[in-house]
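Read through the structure below, which is laid out as structure tokens, and then see the notes.
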Amino acid sequence: MASLVGGASLQAQPVRPGQDVPVSRGALPAGAALSTWAKGLEHPWGLALLPEGGALVTERPGRLRVVSPGGELSRPVAGVPKVDARGQGGLLDIALHPDFARNGWVYLSYAEAGEGGNSTAVARGRLVKEGGGWRFAEGQVVFRQSPKFDSTLHFGSRLVFARDGTLFVTLGERSSRETRGDAQGLDTHHGKVVRIRDDGSVPPDNPFLKDKRALPEIWSLGHRNPQGAALHPGTGELWMVEHGPRGGDELNIVRAGKNYGWPLYTYGREYSGGKIGEEASPPGFEPPIHSWVPSVSPSGLAFYTSSTIPAWRGSLFTGALSGQALVRLELDGEKVVREERLLTDLGRRIRHVVTGPAGELYLLTDARDGQILVIRGGR
């Protein structure tokens, strides 16, 4: 690997973020243990831990289930929106309102069919007991990605509430060869992160409100297929991972009004091996703070702030689908300084990562017989 210090050539290629970061295969720290909390889930996608214990989990074919503290699965919750469960589409992420204990709102993202094809939508409802089961009641759609497009790919779809109560929704560019430039256009939601209020209305400080060409919900642009997002515990900023094509997965800090380059600037290549765009991001475009070449297909994102597993305190975790691992990133401020790949011996596609109140780490495995795994520290 060529060095860029000590008299480097002026013609030297820029270092790709992540190129000089040591990568190792690791084991769980001493005292930490992996166990199965629940099983029998068909392609689980999103997980929300309930304050009184247990959780809500989505299955991509369109089912929402309640998980008891002991790991038992409820019957499918009634009243969930109808989803377009083809390809990568279906019932996707889930999030609880920040004031869930008072108002009971639960938010779902999903692929919604309609005129022109389908798109990512977000609905909210309240979980209520109904006989011996549960119902998603008072359901209302609070956001629809526009325009709908005939594709079964790249819905994005993570839901993250900001500290001010607004909701970030990550949106894929729908993988259309004809509309690949949509990620750069402000007149579509394709390849964007959007920011809305909890009722779907537009916050008055969104960055493109004064641009008459722009859809008002847009927060940032130039994304491909972002499937993991989390708030930084210190700054409150949105961090996000997104899929590249053949390589070029990215970790980004998503800031208001910024352009993250896809498909003009990317470290990825066509699946055929051909070039897509330029690698180096010029002024006006935001480079990733870390990238993966070859791809690991990152999905889910969680900061670990607990002291339960001391060796992991301050780390950032993401699942790896094609990489079949739990990826741990050590950080120095906004820089990744080390990468460790865990659970590689399981051979599981890790779809999502969620931190628990007692320092647990919950993982969803993406399979027809998917599981909720949990890593707990020593007692």
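Labeling convention for the structure tokens: chains A, B, ... as they appear, residues from 1 per chain, ligands from 1 in order of appearance.
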Exercise. Using only C-alpha atoms, which residues sit within 10 Å of stretch 17-21 of chain A once same-chain residues fewer than 5 positions away are excluded, as a ChimeraX atom specification?
Worked result: /A:1-3,250-251,267,287-293,329-330,335-339
For this session: Please provide the set of residues having any atom within 8 Å of stretch 303-316 of chain A, restricted to only C-alpha atoms, with same-chain residues fewer than 4 positions apart removed, written as a ChimeraX atom specification.
Result: /A:29,32,230-233,328-331,355,358-360,376-378
For this session: Could you give me, as a PyMOL selection string, each residue of stretch 83-197 of chain A that DSSP assigns to strand (DSSP E) when run on this structure's backbone?
Result: chain A and resi 91-96+105-114+117-130+133-144+159-161+167-170+192-196
For this session: Fewer than 6 positions away in the same chain doesn't count, so skip those; otherwise give me all residues within 6 Å of A:Gly54, counting only C-alpha atoms, as a ChimeraX atom specification.
Result: /A:67-69
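Using only C-alpha atoms for every distance, the candidate list A:Glu217, A:Asp99, A:Asp211, A:Asp187 yields A:Glu217 as the residue closest to A:Arg144.
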Exercise. Smallest atom-to-atom distance to A:Ser322: which of A:Tyr271, A:Asn259, A:His243, A:Arg158, using only C-alpha atoms?
Worked result: A:His243
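The alpha helix (DSSP H) portion of stretch 28-185 of chain A consists of Phe100, Ala101, Arg102 and Asn103 of chain A, with states taken from DSSP on the backbone.
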Could you dump the residues just selected with C-alpha atoms as a CSV table (one decimal), in the first residue's frame?
```
chain,number,residue,atom,x,y,z
A,100,PHE,CA,-44.3,6.5,23.0
A,101,ALA,CA,-45.0,5.9,26.7
A,102,ARG,CA,-47.6,8.7,26.5
A,103,ASN,CA,-48.9,8.7,23.0
```
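For the set A:Gln140, A:Ser175, A:Ser297, A:Gln371, the residue with the smallest atom-to-atom gap to A:Gly248 is A:Ser297, counting only C-alpha atoms.
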Seminar exercise, completed: Counting only C-alpha atoms, closest pick from A:Leu326, A:Leu96, A:Val202, A:Leu91 relative to A:Arg63 is A:Leu91
For this session: Determine, counting only C-alpha atoms, which protein, DNA and RNA residues have an atom within 8 Å of an atom of A:His154; residues of the same chain fewer than 4 positions away are not included. Present the result as a ChimeraX atom specification.
Result: /A:88,171-175,224-225
For this session: Quick one: everything within 10 Å of stretch 110-122 of chain A, counting only C-alpha atoms, minus sequence neighbours fewer than 5 positions away in the same chain. Send it as a VMD selection string.
Result: chain A and resid 58 60 62 81 to 86 88 to 94 140 to 159 169 to 174 189 to 190 200
Within 8 Å of A:Pro245 using only C-alpha atoms, minus same-chain residues under 3 positions, as a PDB file with N, CA and C atoms, in the first residue's frame:
```pdb
ATOM      1  N   GLY A 248     -17.768  -0.007  -2.692  1.00  0.00           N
ATOM      2  CA  GLY A 248     -18.223   1.360  -2.526  1.00  0.00           C
ATOM      3  C   GLY A 248     -19.296   1.557  -1.482  1.00  0.00           C
ATOM      4  N   ASP A 249     -19.507   0.581  -0.564  1.00  0.00           N
ATOM      5  CA  ASP A 249     -20.370   0.839   0.595  1.00  0.00           C
ATOM      6  C   ASP A 249     -19.796   2.026   1.365  1.00  0.00           C
ATOM      7  N   GLY A 268     -17.501   2.533  -5.805  1.00  0.00           N
ATOM      8  CA  GLY A 268     -18.037   1.302  -6.356  1.00  0.00           C
ATOM      9  C   GLY A 268     -17.920   1.252  -7.866  1.00  0.00           C
ATOM     10  N   ARG A 269     -18.121   0.067  -8.403  1.00  0.00           N
ATOM     11  CA  ARG A 269     -18.098  -0.152  -9.845  1.00  0.00           C
ATOM     12  C   ARG A 269     -19.371  -0.894 -10.251  1.00  0.00           C
ATOM     13  N   GLU A 270     -19.649  -0.887 -11.548  1.00  0.00           N
ATOM     14  CA  GLU A 270     -20.774  -1.659 -12.059  1.00  0.00           C
ATOM     15  C   GLU A 270     -20.593  -3.129 -11.680  1.00  0.00           C
ATOM     16  N   TYR A 271     -21.698  -3.863 -11.570  1.00  0.00           N
ATOM     17  CA  TYR A 271     -21.597  -5.288 -11.276  1.00  0.00           C
ATOM     18  C   TYR A 271     -20.838  -6.030 -12.379  1.00  0.00           C
ATOM     19  N   SER A 295     -17.480  -4.887  -1.263  1.00  0.00           N
ATOM     20  CA  SER A 295     -18.664  -4.600  -0.475  1.00  0.00           C
ATOM     21  C   SER A 295     -18.879  -5.631   0.633  1.00  0.00           C
TER      22      SER A 295
END
```
Exercise. Which polymer residues have any atom within 6 Å of an atom of A:Thr318, counting only C-alpha atoms, with same-chain residues fewer than 3 positions away left out, as a PyMOL selection string?
Worked result: chain A and resi 300-301+327
Convert the current residue selection to file output with C-alpha atoms, as a PDB file, in the first residue's frame.
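The new file out-v9.pdb reads:
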```
ATOM      1  CA  GLY A 300     -28.426  -1.464  10.539  1.00  0.00           C
ATOM      2  CA  LEU A 301     -26.310   0.878  12.650  1.00  0.00           C
ATOM      3  CA  VAL A 327     -18.797  -5.230  11.943  1.00  0.00           C
TER       4      VAL A 327
END
```
